[in-house]
Each structure stands twice: as structure tokens, then as C-alpha cells.
file entry34.pdb (PDB, C-alpha atoms)
ATOM      1  CA  MET C   1      34.449 -35.961 -19.603  1.00  0.00           C
ATOM      2  CA  ARG C   2      30.750 -36.534 -20.186  1.00  0.00           C
ATOM      3  CA  LYS C   3      30.103 -36.477 -16.446  1.00  0.00           C
ATOM      4  CA  PHE C   4      31.908 -33.155 -16.136  1.00  0.00           C
ATOM      5  CA  LYS C   5      29.935 -31.708 -19.052  1.00  0.00           C
ATOM      6  CA  ARG C   6      26.651 -32.851 -17.548  1.00  0.00           C
ATOM      7  CA  LEU C   7      27.662 -31.401 -14.186  1.00  0.00           C
ATOM      8  CA  GLY C   8      28.605 -28.115 -15.849  1.00  0.00           C
ATOM      9  CA  TRP C   9      25.308 -27.895 -17.708  1.00  0.00           C
ATOM     10  CA  GLY C  10      23.460 -28.751 -14.514  1.00  0.00           C
ATOM     11  CA  LEU C  11      25.207 -25.959 -12.623  1.00  0.00           C
ATOM     12  CA  LEU C  12      24.468 -23.505 -15.430  1.00  0.00           C
ATOM     13  CA  ALA C  13      20.801 -24.503 -15.359  1.00  0.00           C
ATOM     14  CA  LEU C  14      20.691 -24.025 -11.570  1.00  0.00           C
ATOM     15  CA  VAL C  15      22.318 -20.597 -11.850  1.00  0.00           C
ATOM     16  CA  GLY C  16      19.826 -19.684 -14.559  1.00  0.00           C
ATOM     17  CA  VAL C  17      16.864 -20.732 -12.419  1.00  0.00           C
ATOM     18  CA  LEU C  18      18.214 -18.781  -9.431  1.00  0.00           C
ATOM     19  CA  ALA C  19      18.728 -15.702 -11.613  1.00  0.00           C
ATOM     20  CA  VAL C  20      15.127 -15.903 -12.836  1.00  0.00           C
ATOM     21  CA  VAL C  21      13.784 -16.334  -9.287  1.00  0.00           C
ATOM     22  CA  ILE C  22      15.856 -13.450  -7.919  1.00  0.00           C
ATOM     23  CA  GLY C  23      14.919 -11.232 -10.857  1.00  0.00           C
ATOM     24  CA  SER C  24      11.236 -12.046 -10.416  1.00  0.00           C
ATOM     25  CA  LEU C  25      11.362 -11.309  -6.679  1.00  0.00           C
ATOM     26  CA  THR C  26      13.196  -8.046  -7.274  1.00  0.00           C
ATOM     27  CA  TYR C  27      10.646  -6.963  -9.866  1.00  0.00           C
ATOM     28  CA  HIS C  28       7.566  -7.820  -7.814  1.00  0.00           C
ATOM     29  CA  LEU C  29       8.852  -6.587  -4.436  1.00  0.00           C
ATOM     30  CA  LYS C  30      10.371  -3.286  -5.539  1.00  0.00           C
ATOM     31  CA  PRO C  31       8.615  -0.012  -4.580  1.00  0.00           C
ATOM     32  CA  ASP C  32       6.019   1.305  -7.022  1.00  0.00           C
ATOM     33  CA  TYR C  33       6.679   4.933  -7.924  1.00  0.00           C
ATOM     34  CA  ASP C  34       4.165   5.295 -10.762  1.00  0.00           C
ATOM     35  CA  GLY C  35       0.412   5.229 -11.270  1.00  0.00           C
ATOM     36  CA  LYS C  36      -2.421   5.767  -8.812  1.00  0.00           C
ATOM     37  CA  LYS C  37      -3.127   4.280  -5.390  1.00  0.00           C
ATOM     38  CA  LYS C  38      -6.373   4.238  -3.455  1.00  0.00           C
ATOM     39  CA  LEU C  39      -5.468   5.278   0.076  1.00  0.00           C
ATOM     40  CA  GLN C  40      -8.274   4.706   2.545  1.00  0.00           C
ATOM     41  CA  GLY C  41      -9.649   7.632   4.524  1.00  0.00           C
ATOM     42  CA  LEU C  42      -8.259  10.502   2.454  1.00  0.00           C
ATOM     43  CA  SER C  43     -10.477  13.573   2.371  1.00  0.00           C
ATOM     44  CA  GLU C  44      -8.854  15.034  -0.769  1.00  0.00           C
ATOM     45  CA  GLU C  45      -6.576  13.878  -3.551  1.00  0.00           C
ATOM     46  CA  VAL C  46      -2.882  13.735  -2.621  1.00  0.00           C
ATOM     47  CA  GLN C  47      -0.071  13.929  -5.159  1.00  0.00           C
ATOM     48  CA  VAL C  48       3.328  12.362  -4.565  1.00  0.00           C
ATOM     49  CA  TYR C  49       6.266  13.120  -6.847  1.00  0.00           C
ATOM     50  CA  TYR C  50       9.643  11.364  -6.651  1.00  0.00           C
ATOM     51  CA  ASP C  51      12.691  13.359  -7.650  1.00  0.00           C
ATOM     52  CA  THR C  52      15.807  11.977  -9.339  1.00  0.00           C
ATOM     53  CA  TYR C  53      17.169  10.894  -5.935  1.00  0.00           C
ATOM     54  CA  GLY C  54      14.044   8.883  -5.126  1.00  0.00           C
ATOM     55  CA  ILE C  55      12.878  11.378  -2.490  1.00  0.00           C
ATOM     56  CA  PRO C  56       9.076  11.715  -2.297  1.00  0.00           C
ATOM     57  CA  HIS C  57       7.497  15.179  -2.388  1.00  0.00           C
ATOM     58  CA  ILE C  58       3.966  15.125  -0.996  1.00  0.00           C
ATOM     59  CA  TYR C  59       1.331  17.701  -1.943  1.00  0.00           C
ATOM     60  CA  ALA C  60      -1.904  17.605   0.076  1.00  0.00           C
ATOM     61  CA  LYS C  61      -4.629  20.059   1.028  1.00  0.00           C
ATOM     62  CA  ASN C  62      -4.530  19.169   4.721  1.00  0.00           C
ATOM     63  CA  ASP C  63      -2.076  17.777   7.257  1.00  0.00           C
ATOM     64  CA  ALA C  64      -3.938  14.539   7.954  1.00  0.00           C
ATOM     65  CA  ASP C  65      -3.905  13.507   4.287  1.00  0.00           C
ATOM     66  CA  ALA C  66      -0.237  14.460   3.983  1.00  0.00           C
ATOM     67  CA  PHE C  67       0.763  12.365   6.999  1.00  0.00           C
ATOM     68  CA  LYS C  68      -1.295   9.409   5.795  1.00  0.00           C
ATOM     69  CA  ALA C  69       0.437   9.511   2.421  1.00  0.00           C
ATOM     70  CA  LEU C  70       3.791   9.895   4.167  1.00  0.00           C
ATOM     71  CA  GLY C  71       3.138   6.748   6.175  1.00  0.00           C
ATOM     72  CA  TYR C  72       2.369   4.778   3.027  1.00  0.00           C
ATOM     73  CA  VAL C  73       5.409   5.887   1.028  1.00  0.00           C
ATOM     74  CA  HIS C  74       7.642   5.545   4.094  1.00  0.00           C
ATOM     75  CA  ALA C  75       6.564   1.924   4.574  1.00  0.00           C
ATOM     76  CA  GLN C  76       6.920   1.269   0.852  1.00  0.00           C
ATOM     77  CA  ASP C  77      10.584   2.282   0.922  1.00  0.00           C
ATOM     78  CA  ARG C  78      11.630   1.457   4.506  1.00  0.00           C
ATOM     79  CA  LEU C  79       9.387  -1.216   6.015  1.00  0.00           C
ATOM     80  CA  TRP C  80      12.219  -3.545   7.019  1.00  0.00           C
ATOM     81  CA  GLN C  81      14.226  -0.724   8.582  1.00  0.00           C
ATOM     82  CA  MET C  82      11.095   0.426  10.406  1.00  0.00           C
ATOM     83  CA  GLU C  83      10.556  -3.120  11.677  1.00  0.00           C
ATOM     84  CA  LEU C  84      14.050  -3.261  13.158  1.00  0.00           C
ATOM     85  CA  LEU C  85      13.827   0.223  14.688  1.00  0.00           C
ATOM     86  CA  ARG C  86      10.598  -0.531  16.535  1.00  0.00           C
ATOM     87  CA  ARG C  87      12.134  -3.716  17.952  1.00  0.00           C
ATOM     88  CA  ILE C  88      15.214  -2.093  19.495  1.00  0.00           C
ATOM     89  CA  GLY C  89      13.512  -0.183  22.300  1.00  0.00           C
ATOM     90  CA  ARG C  90      11.396  -3.147  23.396  1.00  0.00           C
ATOM     91  CA  GLY C  91      14.251  -5.645  23.207  1.00  0.00           C
ATOM     92  CA  GLY C  92      13.015  -7.636  20.239  1.00  0.00           C
ATOM     93  CA  LEU C  93      16.077  -8.010  18.018  1.00  0.00           C
ATOM     94  CA  SER C  94      16.990 -11.474  19.323  1.00  0.00           C
ATOM     95  CA  GLU C  95      13.583 -12.725  18.165  1.00  0.00           C
ATOM     96  CA  VAL C  96      14.847 -12.133  14.628  1.00  0.00           C
ATOM     97  CA  PHE C  97      18.622 -12.658  14.823  1.00  0.00           C
ATOM     98  CA  GLY C  98      19.002 -15.134  17.686  1.00  0.00           C
ATOM     99  CA  LYS C  99      20.987 -15.303  20.905  1.00  0.00           C
ATOM    100  CA  ASP C 100      23.836 -13.108  19.667  1.00  0.00           C
ATOM    101  CA  LEU C 101      21.547 -10.093  20.151  1.00  0.00           C
ATOM    102  CA  LEU C 102      20.361 -11.022  23.658  1.00  0.00           C
ATOM    103  CA  GLY C 103      22.902  -8.676  25.235  1.00  0.00           C
ATOM    104  CA  THR C 104      21.683  -5.787  23.113  1.00  0.00           C
ATOM    105  CA  ASP C 105      18.055  -6.549  23.989  1.00  0.00           C
ATOM    106  CA  LYS C 106      18.844  -6.678  27.712  1.00  0.00           C
ATOM    107  CA  PHE C 107      20.681  -3.366  27.517  1.00  0.00           C
ATOM    108  CA  PHE C 108      17.782  -1.517  25.888  1.00  0.00           C
ATOM    109  CA  LEU C 109      15.237  -3.137  28.184  1.00  0.00           C
ATOM    110  CA  ALA C 110      17.323  -1.913  31.116  1.00  0.00           C
ATOM    111  CA  LEU C 111      17.125   1.635  29.742  1.00  0.00           C
ATOM    112  CA  GLY C 112      13.358   1.439  30.173  1.00  0.00           C
ATOM    113  CA  ILE C 113      12.420   2.860  26.772  1.00  0.00           C
ATOM    114  CA  ASP C 114       9.506   0.466  26.355  1.00  0.00           C
ATOM    115  CA  ASP C 115       8.185   1.186  29.865  1.00  0.00           C
ATOM    116  CA  TYR C 116       8.372   4.949  29.385  1.00  0.00           C
ATOM    117  CA  SER C 117       6.583   4.615  26.043  1.00  0.00           C
ATOM    118  CA  SER C 118       3.703   2.806  27.754  1.00  0.00           C
ATOM    119  CA  GLU C 119       3.481   5.463  30.470  1.00  0.00           C
ATOM    120  CA  THR C 120       3.545   8.304  27.921  1.00  0.00           C
ATOM    121  CA  ILE C 121       0.832   6.794  25.740  1.00  0.00           C
ATOM    122  CA  ALA C 122      -1.409   6.227  28.765  1.00  0.00           C
ATOM    123  CA  LYS C 123      -1.298   9.974  29.484  1.00  0.00           C
ATOM    124  CA  LEU C 124      -1.810  11.205  25.906  1.00  0.00           C
ATOM    125  CA  ASN C 125      -4.726  13.386  24.937  1.00  0.00           C
ATOM    126  CA  THR C 126      -6.141  11.660  21.855  1.00  0.00           C
ATOM    127  CA  SER C 127      -7.585  14.948  20.578  1.00  0.00           C
ATOM    128  CA  ASP C 128      -4.120  16.527  20.491  1.00  0.00           C
ATOM    129  CA  ALA C 129      -3.065  17.450  16.950  1.00  0.00           C
ATOM    130  CA  ALA C 130       0.280  15.641  17.213  1.00  0.00           C
ATOM    131  CA  VAL C 131      -1.453  12.422  18.270  1.00  0.00           C
ATOM    132  CA  GLN C 132      -3.970  12.666  15.443  1.00  0.00           C
ATOM    133  CA  MET C 133      -1.237  13.248  12.869  1.00  0.00           C
ATOM    134  CA  SER C 134       0.676  10.271  14.254  1.00  0.00           C
ATOM    135  CA  GLN C 135      -2.424   8.116  13.909  1.00  0.00           C
ATOM    136  CA  ALA C 136      -2.919   9.318  10.321  1.00  0.00           C
ATOM    137  CA  TYR C 137       0.699   8.395   9.587  1.00  0.00           C
ATOM    138  CA  LEU C 138       0.174   4.929  11.114  1.00  0.00           C
ATOM    139  CA  GLU C 139      -2.944   4.391   9.011  1.00  0.00           C
ATOM    140  CA  GLY C 140      -0.868   4.966   5.890  1.00  0.00           C
ATOM    141  CA  VAL C 141       1.868   2.647   7.139  1.00  0.00           C
ATOM    142  CA  ASN C 142      -0.588  -0.112   7.993  1.00  0.00           C
ATOM    143  CA  GLN C 143      -2.380   0.046   4.668  1.00  0.00           C
ATOM    144  CA  PHE C 144       0.924  -0.745   2.994  1.00  0.00           C
ATOM    145  CA  VAL C 145       1.626  -3.471   5.567  1.00  0.00           C
ATOM    146  CA  GLU C 146      -1.723  -5.044   4.704  1.00  0.00           C
ATOM    147  CA  GLU C 147      -1.774  -4.565   0.944  1.00  0.00           C
ATOM    148  CA  GLY C 148       1.782  -3.904  -0.256  1.00  0.00           C
ATOM    149  CA  PRO C 149       4.441  -6.440  -1.257  1.00  0.00           C
ATOM    150  CA  THR C 150       6.463  -8.003   1.541  1.00  0.00           C
ATOM    151  CA  PRO C 151      10.162  -7.015   1.583  1.00  0.00           C
ATOM    152  CA  ILE C 152      12.447  -9.978   0.974  1.00  0.00           C
ATOM    153  CA  GLU C 153      14.037  -9.610   4.430  1.00  0.00           C
ATOM    154  CA  PHE C 154      10.800 -10.827   6.028  1.00  0.00           C
ATOM    155  CA  TYR C 155      10.982 -14.018   3.970  1.00  0.00           C
ATOM    156  CA  LEU C 156      14.661 -14.536   4.767  1.00  0.00           C
ATOM    157  CA  THR C 157      14.159 -14.141   8.526  1.00  0.00           C
ATOM    158  CA  GLY C 158      10.805 -15.930   8.670  1.00  0.00           C
ATOM    159  CA  ILE C 159       8.937 -13.200  10.553  1.00  0.00           C
ATOM    160  CA  ASP C 160       5.477 -11.925   9.713  1.00  0.00           C
ATOM    161  CA  LYS C 161       4.469  -8.353   8.961  1.00  0.00           C
ATOM    162  CA  LYS C 162       2.402  -6.847  11.759  1.00  0.00           C
ATOM    163  CA  PRO C 163       0.566  -3.514  12.054  1.00  0.00           C
ATOM    164  CA  PHE C 164       2.388  -0.576  13.608  1.00  0.00           C
ATOM    165  CA  VAL C 165       0.929   1.109  16.695  1.00  0.00           C
ATOM    166  CA  LEU C 166       1.579   4.378  18.487  1.00  0.00           C
ATOM    167  CA  LYS C 167       3.875   2.664  20.983  1.00  0.00           C
ATOM    168  CA  ASP C 168       6.164   1.668  18.103  1.00  0.00           C
ATOM    169  CA  VAL C 169       6.533   5.349  17.230  1.00  0.00           C
ATOM    170  CA  TYR C 170       7.517   6.257  20.787  1.00  0.00           C
ATOM    171  CA  ASN C 171       9.906   3.321  21.095  1.00  0.00           C
ATOM    172  CA  THR C 172      11.618   4.407  17.899  1.00  0.00           C
ATOM    173  CA  ILE C 173      11.840   8.002  19.120  1.00  0.00           C
ATOM    174  CA  GLY C 174      13.276   6.749  22.423  1.00  0.00           C
ATOM    175  CA  TYR C 175      15.973   4.752  20.686  1.00  0.00           C
ATOM    176  CA  MET C 176      16.845   7.634  18.361  1.00  0.00           C
ATOM    177  CA  ALA C 177      17.080  10.028  21.321  1.00  0.00           C
ATOM    178  CA  PHE C 178      19.511   7.646  23.005  1.00  0.00           C
ATOM    179  CA  SER C 179      21.519   7.291  19.786  1.00  0.00           C
ATOM    180  CA  PHE C 180      21.765  11.062  19.291  1.00  0.00           C
ATOM    181  CA  ALA C 181      22.709  11.587  22.947  1.00  0.00           C
ATOM    182  CA  MET C 182      25.569   9.104  22.603  1.00  0.00           C
ATOM    183  CA  ALA C 183      26.699  10.830  19.413  1.00  0.00           C
ATOM    184  CA  HIS C 184      26.808  14.164  21.270  1.00  0.00           C
ATOM    185  CA  LYS C 185      29.224  12.558  23.705  1.00  0.00           C
ATOM    186  CA  THR C 186      31.429  10.560  21.350  1.00  0.00           C
ATOM    187  CA  ASP C 187      31.645  12.883  18.329  1.00  0.00           C
ATOM    188  CA  PRO C 188      33.154  15.872  20.200  1.00  0.00           C
ATOM    189  CA  LEU C 189      35.588  13.532  21.962  1.00  0.00           C
ATOM    190  CA  LEU C 190      36.724  11.966  18.703  1.00  0.00           C
ATOM    191  CA  SER C 191      37.043  15.418  17.129  1.00  0.00           C
ATOM    192  CA  LYS C 192      39.201  16.591  20.024  1.00  0.00           C
ATOM    193  CA  ILE C 193      41.433  13.509  19.746  1.00  0.00           C
ATOM    194  CA  LYS C 194      41.766  14.060  15.996  1.00  0.00           C
ATOM    195  CA  ASP C 195      42.710  17.717  16.447  1.00  0.00           C
ATOM    196  CA  LYS C 196      45.266  16.893  19.125  1.00  0.00           C
ATOM    197  CA  LEU C 197      46.766  13.600  17.943  1.00  0.00           C
ATOM    198  CA  GLY C 198      45.871  13.495  14.257  1.00  0.00           C
ATOM    199  CA  PHE C 199      43.597  11.403  12.046  1.00  0.00           C
ATOM    200  CA  GLU C 200      46.166   8.594  11.798  1.00  0.00           C
ATOM    201  CA  TYR C 201      45.814   8.008  15.554  1.00  0.00           C
ATOM    202  CA  LEU C 202      42.081   7.381  15.141  1.00  0.00           C
ATOM    203  CA  LYS C 203      42.749   4.964  12.307  1.00  0.00           C
ATOM    204  CA  ASP C 204      45.258   3.035  14.433  1.00  0.00           C
ATOM    205  CA  SER C 205      42.833   2.993  17.370  1.00  0.00           C
ATOM    206  CA  GLY C 206      40.101   1.576  15.151  1.00  0.00           C
ATOM    207  CA  ASN C 207      42.303  -1.368  14.240  1.00  0.00           C
TER     208      ASN C 207
END

call {"tool": "encode", "arguments": {"input": "entry34.pdb", "output": "C-alpha cells"}}
result
Amino acid sequence: MRKFKRLGWGLLALVGVLAVVIGSLTYHLKPDYDGKKKLQGLSEEVQVYYDTYGIPHIYAKNDADAFKALGYVHAQDRLWQMELLRRIGRGGLSEVFGKDLLGTDKFFLALGIDDYSSETIAKLNTSDAAVQMSQAYLEGVNQFVEEGPTPIEFYLTGIDKKPFVLKDVYNTIGYMAFSFAMAHKTDPLLSKIKDKLGFEYLKDSGN
């Protein structure tokens, strides 16, 4: 009985330590929605308010400052999602998740999203307003990458945070365009099947 009691107390102690570690990580890695931040390169003060749904509302006196602040708060809330999105178009998911994603990487490489992104960037006019706003956005993103807390997913997968570049933006846009195009094909088809055969048919097909 003593052995069982000692084992039970040992397990409780281990659970307690894990709870403290997880709680500490959650506290230190969570987004910071209060206080002031010093964002490099701003020409005027920018105010960011979060509503009850956690949606940021950005108030700036010029577009460049607004996009820079947007990049920072976007990275603060979505850095891991952004990391995955920029990897899809260039076929980099298997670097994180292993051989099971090799097929997906090969498929998106075959689509040529990464190649088209390189060609597009080579032809860009750097003085174009859209390019300048994109660069301002990236500056905000990269300041958080450099200074902000690292999302726990990076620790779990063992990959390092790296700066975002303009090509990442175009690769993400390319993937999203593909995703929306597929939705335009599949959604109407599924709607037509539902209208003709009923919702129960779709449920059976999904099984």
C-alpha cells in the first residue's frame, strides 16, 4: 500500500509541475493587448483598440503606419498560421510535418506558385504604392518575429522563426487564389447535389 501511495503522490506532483509549466508558457506566450509598444519607423502615433471579439481596430494618420501596425498585430495573433500559409506554395510543409506531407508539397510545387511569385516580384515597381504598403506590413510582422514571444507551436515542431519577405506574401496569395477557385467549383456542385438529393445524401457520402 505504501508503494501505491508513493506512486500516487509522485504522479500528483508530476501533474502539478506540468500544470505550472503549461500555465507559465500560456501566460508568457499569449498576445499582449494592453499598454504601449514602440514600433520602429512609425511617422506618427498609431492607436490599436481590441473589441470584445478580439478584433483589432487600427487608427493611424497615414497608410504606411496603419499597415505597419497591422503587420505587428497580425503576427502577434497569427504567426504560426502565417508560417504554415507561406510554406504551402513553396512546398515546405514536409519540412515541419515529415514525409506524410510530401505528396502535398509535390502537388503545390507542380502548380508553380513559387515560380510565378519569383517572376512577379522580379517585375515589380518598388515605388508602387501597393508594394510600399506590403513592405510596411512586413516590417511590422518582422519586428514581432524578432522581438515578440515565440508561439508554442514553434517549440513543439522544432523550427525557428524567420523573417517574412515579399515572396511569402505572393505565395500565400497564390495558395489562397487556388483554394478559392476550388471552392467555386465544389461549393456549387455540393449545393446542387443537396437540392436534388437532400442533405442526408451528403452526410452518407461523407462517411

call {"tool": "atom_distance", "arguments": {"input": "entry34.pdb", "atom1": "atom CA of His74 of chain C", "atom2": "atom CA of Gly54 of chain C"}}
result
11.7 Å

call {"tool": "atom_distance", "arguments": {"input": "entry34.pdb", "atom1": "atom CA of Val169 of chain C", "atom2": "atom CA of Arg86 of chain C"}}
result
7.2 Å

call {"tool": "resolve_selection", "arguments": {"input": "entry34.pdb", "expression": "the PyMOL selection byres ((chain C and resi 37) around 12)", "output": "ChimeraX atom specification"}}
result
/C:32-36,38-40,42,45-48,69,72-73,140,143-144,147-148

call {"tool": "residues_around", "arguments": {"input": "entry34.pdb", "residues": "Met82 of chain C", "least_positions_apart": "5", "cutoff": "12 Å", "atoms": "only C-alpha atoms", "output": "PDB file with C-alpha atoms, in the frame of the given file"}}
result
ATOM      1  CA  GLY C  71       3.138   6.748   6.175  1.00  0.00           C
ATOM      2  CA  HIS C  74       7.642   5.545   4.094  1.00  0.00           C
ATOM      3  CA  ALA C  75       6.564   1.924   4.574  1.00  0.00           C
ATOM      4  CA  GLN C  76       6.920   1.269   0.852  1.00  0.00           C
ATOM      5  CA  ASP C  77      10.584   2.282   0.922  1.00  0.00           C
ATOM      6  CA  ARG C  87      12.134  -3.716  17.952  1.00  0.00           C
ATOM      7  CA  ILE C  88      15.214  -2.093  19.495  1.00  0.00           C
ATOM      8  CA  LEU C 138       0.174   4.929  11.114  1.00  0.00           C
ATOM      9  CA  VAL C 141       1.868   2.647   7.139  1.00  0.00           C
ATOM     10  CA  ASN C 142      -0.588  -0.112   7.993  1.00  0.00           C
ATOM     11  CA  VAL C 145       1.626  -3.471   5.567  1.00  0.00           C
ATOM     12  CA  PRO C 151      10.162  -7.015   1.583  1.00  0.00           C
ATOM     13  CA  LYS C 161       4.469  -8.353   8.961  1.00  0.00           C
ATOM     14  CA  LYS C 162       2.402  -6.847  11.759  1.00  0.00           C
ATOM     15  CA  PRO C 163       0.566  -3.514  12.054  1.00  0.00           C
ATOM     16  CA  PHE C 164       2.388  -0.576  13.608  1.00  0.00           C
ATOM     17  CA  VAL C 165       0.929   1.109  16.695  1.00  0.00           C
ATOM     18  CA  ASP C 168       6.164   1.668  18.103  1.00  0.00           C
ATOM     19  CA  VAL C 169       6.533   5.349  17.230  1.00  0.00           C
ATOM     20  CA  ASN C 171       9.906   3.321  21.095  1.00  0.00           C
ATOM     21  CA  THR C 172      11.618   4.407  17.899  1.00  0.00           C
ATOM     22  CA  ILE C 173      11.840   8.002  19.120  1.00  0.00           C
TER      23      ILE C 173
END

call {"tool": "residues_near_point", "arguments": {"input": "entry34.pdb", "point": "(22.1, -7.5, 24.2)", "cutoff": "12 Å", "atoms": "only C-alpha atoms", "output": "PyMOL selection string"}}
result
chain C and resi 88-95+97-111

call {"tool": "write_last_selection", "arguments": {"input": "entry34.pdb", "atoms": "C-alpha atoms", "output": "CSV table (one decimal), in the frame of the given file"}}
result
chain,number,residue,atom,x,y,z
C,88,ILE,CA,15.2,-2.1,19.5
C,89,GLY,CA,13.5,-0.2,22.3
C,90,ARG,CA,11.4,-3.1,23.4
C,91,GLY,CA,14.3,-5.6,23.2
C,92,GLY,CA,13.0,-7.6,20.2
C,93,LEU,CA,16.1,-8.0,18.0
C,94,SER,CA,17.0,-11.5,19.3
C,95,GLU,CA,13.6,-12.7,18.2
C,97,PHE,CA,18.6,-12.7,14.8
C,98,GLY,CA,19.0,-15.1,17.7
C,99,LYS,CA,21.0,-15.3,20.9
C,100,ASP,CA,23.8,-13.1,19.7
C,101,LEU,CA,21.5,-10.1,20.2
C,102,LEU,CA,20.4,-11.0,23.7
C,103,GLY,CA,22.9,-8.7,25.2
C,104,THR,CA,21.7,-5.8,23.1
C,105,ASP,CA,18.1,-6.5,24.0
C,106,LYS,CA,18.8,-6.7,27.7
C,107,PHE,CA,20.7,-3.4,27.5
C,108,PHE,CA,17.8,-1.5,25.9
C,109,LEU,CA,15.2,-3.1,28.2
C,110,ALA,CA,17.3,-1.9,31.1
C,111,LEU,CA,17.1,1.6,29.7

call {"tool": "closest_residue", "arguments": {"input": "entry34.pdb", "among": "C:Gly41, C:Ser134, C:Tyr116, C:Pro31", "to": "Pro56 of chain C", "atoms": "only C-alpha atoms"}}
result
C:Pro31

call {"tool": "decode", "arguments": {"input": "entry34.pdb", "residues": "segment 95-112 of chain C", "atoms": "N, CA, C and O atoms", "output": "mmCIF file, in the first residue's frame"}}
result
data_model
loop_
_atom_site.group_PDB
_atom_site.id
_atom_site.type_symbol
_atom_site.label_atom_id
_atom_site.label_comp_id
_atom_site.auth_asym_id
_atom_site.auth_seq_id
_atom_site.Cartn_x
_atom_site.Cartn_y
_atom_site.Cartn_z
ATOM 1 N N GLU C 95 8.830 19.768 -44.397
ATOM 2 C CA GLU C 95 9.958 20.151 -43.549
ATOM 3 C C GLU C 95 9.540 20.224 -42.083
ATOM 4 O O GLU C 95 10.362 20.053 -41.187
ATOM 5 N N VAL C 96 8.257 20.462 -41.858
ATOM 6 C CA VAL C 96 7.728 20.588 -40.499
ATOM 7 C C VAL C 96 7.081 19.288 -40.037
ATOM 8 O O VAL C 96 7.319 18.821 -38.921
ATOM 9 N N PHE C 97 6.268 18.676 -40.921
ATOM 10 C CA PHE C 97 5.421 17.548 -40.513
ATOM 11 C C PHE C 97 5.878 16.199 -41.049
ATOM 12 O O PHE C 97 5.233 15.192 -40.795
ATOM 13 N N GLY C 98 6.972 16.167 -41.812
ATOM 14 C CA GLY C 98 7.513 14.886 -42.247
ATOM 15 C C GLY C 98 6.978 14.380 -43.569
ATOM 16 O O GLY C 98 6.268 15.075 -44.300
ATOM 17 N N LYS C 99 7.305 13.131 -43.864
ATOM 18 C CA LYS C 99 7.062 12.542 -45.185
ATOM 19 C C LYS C 99 5.588 12.429 -45.556
ATOM 20 O O LYS C 99 5.256 12.315 -46.737
ATOM 21 N N ASP C 100 4.712 12.438 -44.571
ATOM 22 C CA ASP C 100 3.276 12.334 -44.879
ATOM 23 C C ASP C 100 2.784 13.518 -45.713
ATOM 24 O O ASP C 100 1.745 13.414 -46.376
ATOM 25 N N LEU C 101 3.501 14.620 -45.687
ATOM 26 C CA LEU C 101 3.092 15.813 -46.436
ATOM 27 C C LEU C 101 3.879 15.990 -47.740
ATOM 28 O O LEU C 101 3.714 17.004 -48.425
ATOM 29 N N LEU C 102 4.700 15.004 -48.099
ATOM 30 C CA LEU C 102 5.475 15.105 -49.333
ATOM 31 C C LEU C 102 4.572 15.206 -50.557
ATOM 32 O O LEU C 102 4.839 15.961 -51.492
ATOM 33 N N GLY C 103 3.492 14.440 -50.568
ATOM 34 C CA GLY C 103 2.562 14.476 -51.692
ATOM 35 C C GLY C 103 1.937 15.849 -51.865
ATOM 36 O O GLY C 103 1.807 16.348 -52.992
ATOM 37 N N THR C 104 1.570 16.456 -50.745
ATOM 38 C CA THR C 104 1.000 17.806 -50.794
ATOM 39 C C THR C 104 2.024 18.809 -51.312
ATOM 40 O O THR C 104 1.710 19.665 -52.147
ATOM 41 N N ASP C 105 3.260 18.703 -50.834
ATOM 42 C CA ASP C 105 4.319 19.606 -51.293
ATOM 43 C C ASP C 105 4.556 19.456 -52.799
ATOM 44 O O ASP C 105 4.703 20.457 -53.518
ATOM 45 N N LYS C 106 4.598 18.223 -53.277
ATOM 46 C CA LYS C 106 4.831 17.994 -54.704
ATOM 47 C C LYS C 106 3.698 18.571 -55.547
ATOM 48 O O LYS C 106 3.930 19.134 -56.619
ATOM 49 N N PHE C 107 2.482 18.443 -55.043
ATOM 50 C CA PHE C 107 1.325 18.963 -55.776
ATOM 51 C C PHE C 107 1.422 20.476 -55.946
ATOM 52 O O PHE C 107 1.256 21.011 -57.044
ATOM 53 N N PHE C 108 1.717 21.187 -54.841
ATOM 54 C CA PHE C 108 1.767 22.646 -54.933
ATOM 55 C C PHE C 108 2.999 23.137 -55.682
ATOM 56 O O PHE C 108 2.946 24.174 -56.347
ATOM 57 N N LEU C 109 4.087 22.390 -55.617
ATOM 58 C CA LEU C 109 5.246 22.747 -56.437
ATOM 59 C C LEU C 109 4.917 22.592 -57.915
ATOM 60 O O LEU C 109 5.353 23.392 -58.747
ATOM 61 N N ALA C 110 4.130 21.558 -58.235
ATOM 62 C CA ALA C 110 3.745 21.334 -59.630
ATOM 63 C C ALA C 110 2.837 22.442 -60.153
ATOM 64 O O ALA C 110 2.841 22.740 -61.354
ATOM 65 N N LEU C 111 2.072 23.077 -59.259
ATOM 66 C CA LEU C 111 1.226 24.194 -59.679
ATOM 67 C C LEU C 111 2.050 25.413 -60.081
ATOM 68 O O LEU C 111 1.555 26.280 -60.813
ATOM 69 N N GLY C 112 3.273 25.488 -59.582
ATOM 70 C CA GLY C 112 4.161 26.584 -59.976
ATOM 71 C C GLY C 112 3.938 27.885 -59.237
ATOM 72 O O GLY C 112 4.396 28.944 -59.702
#
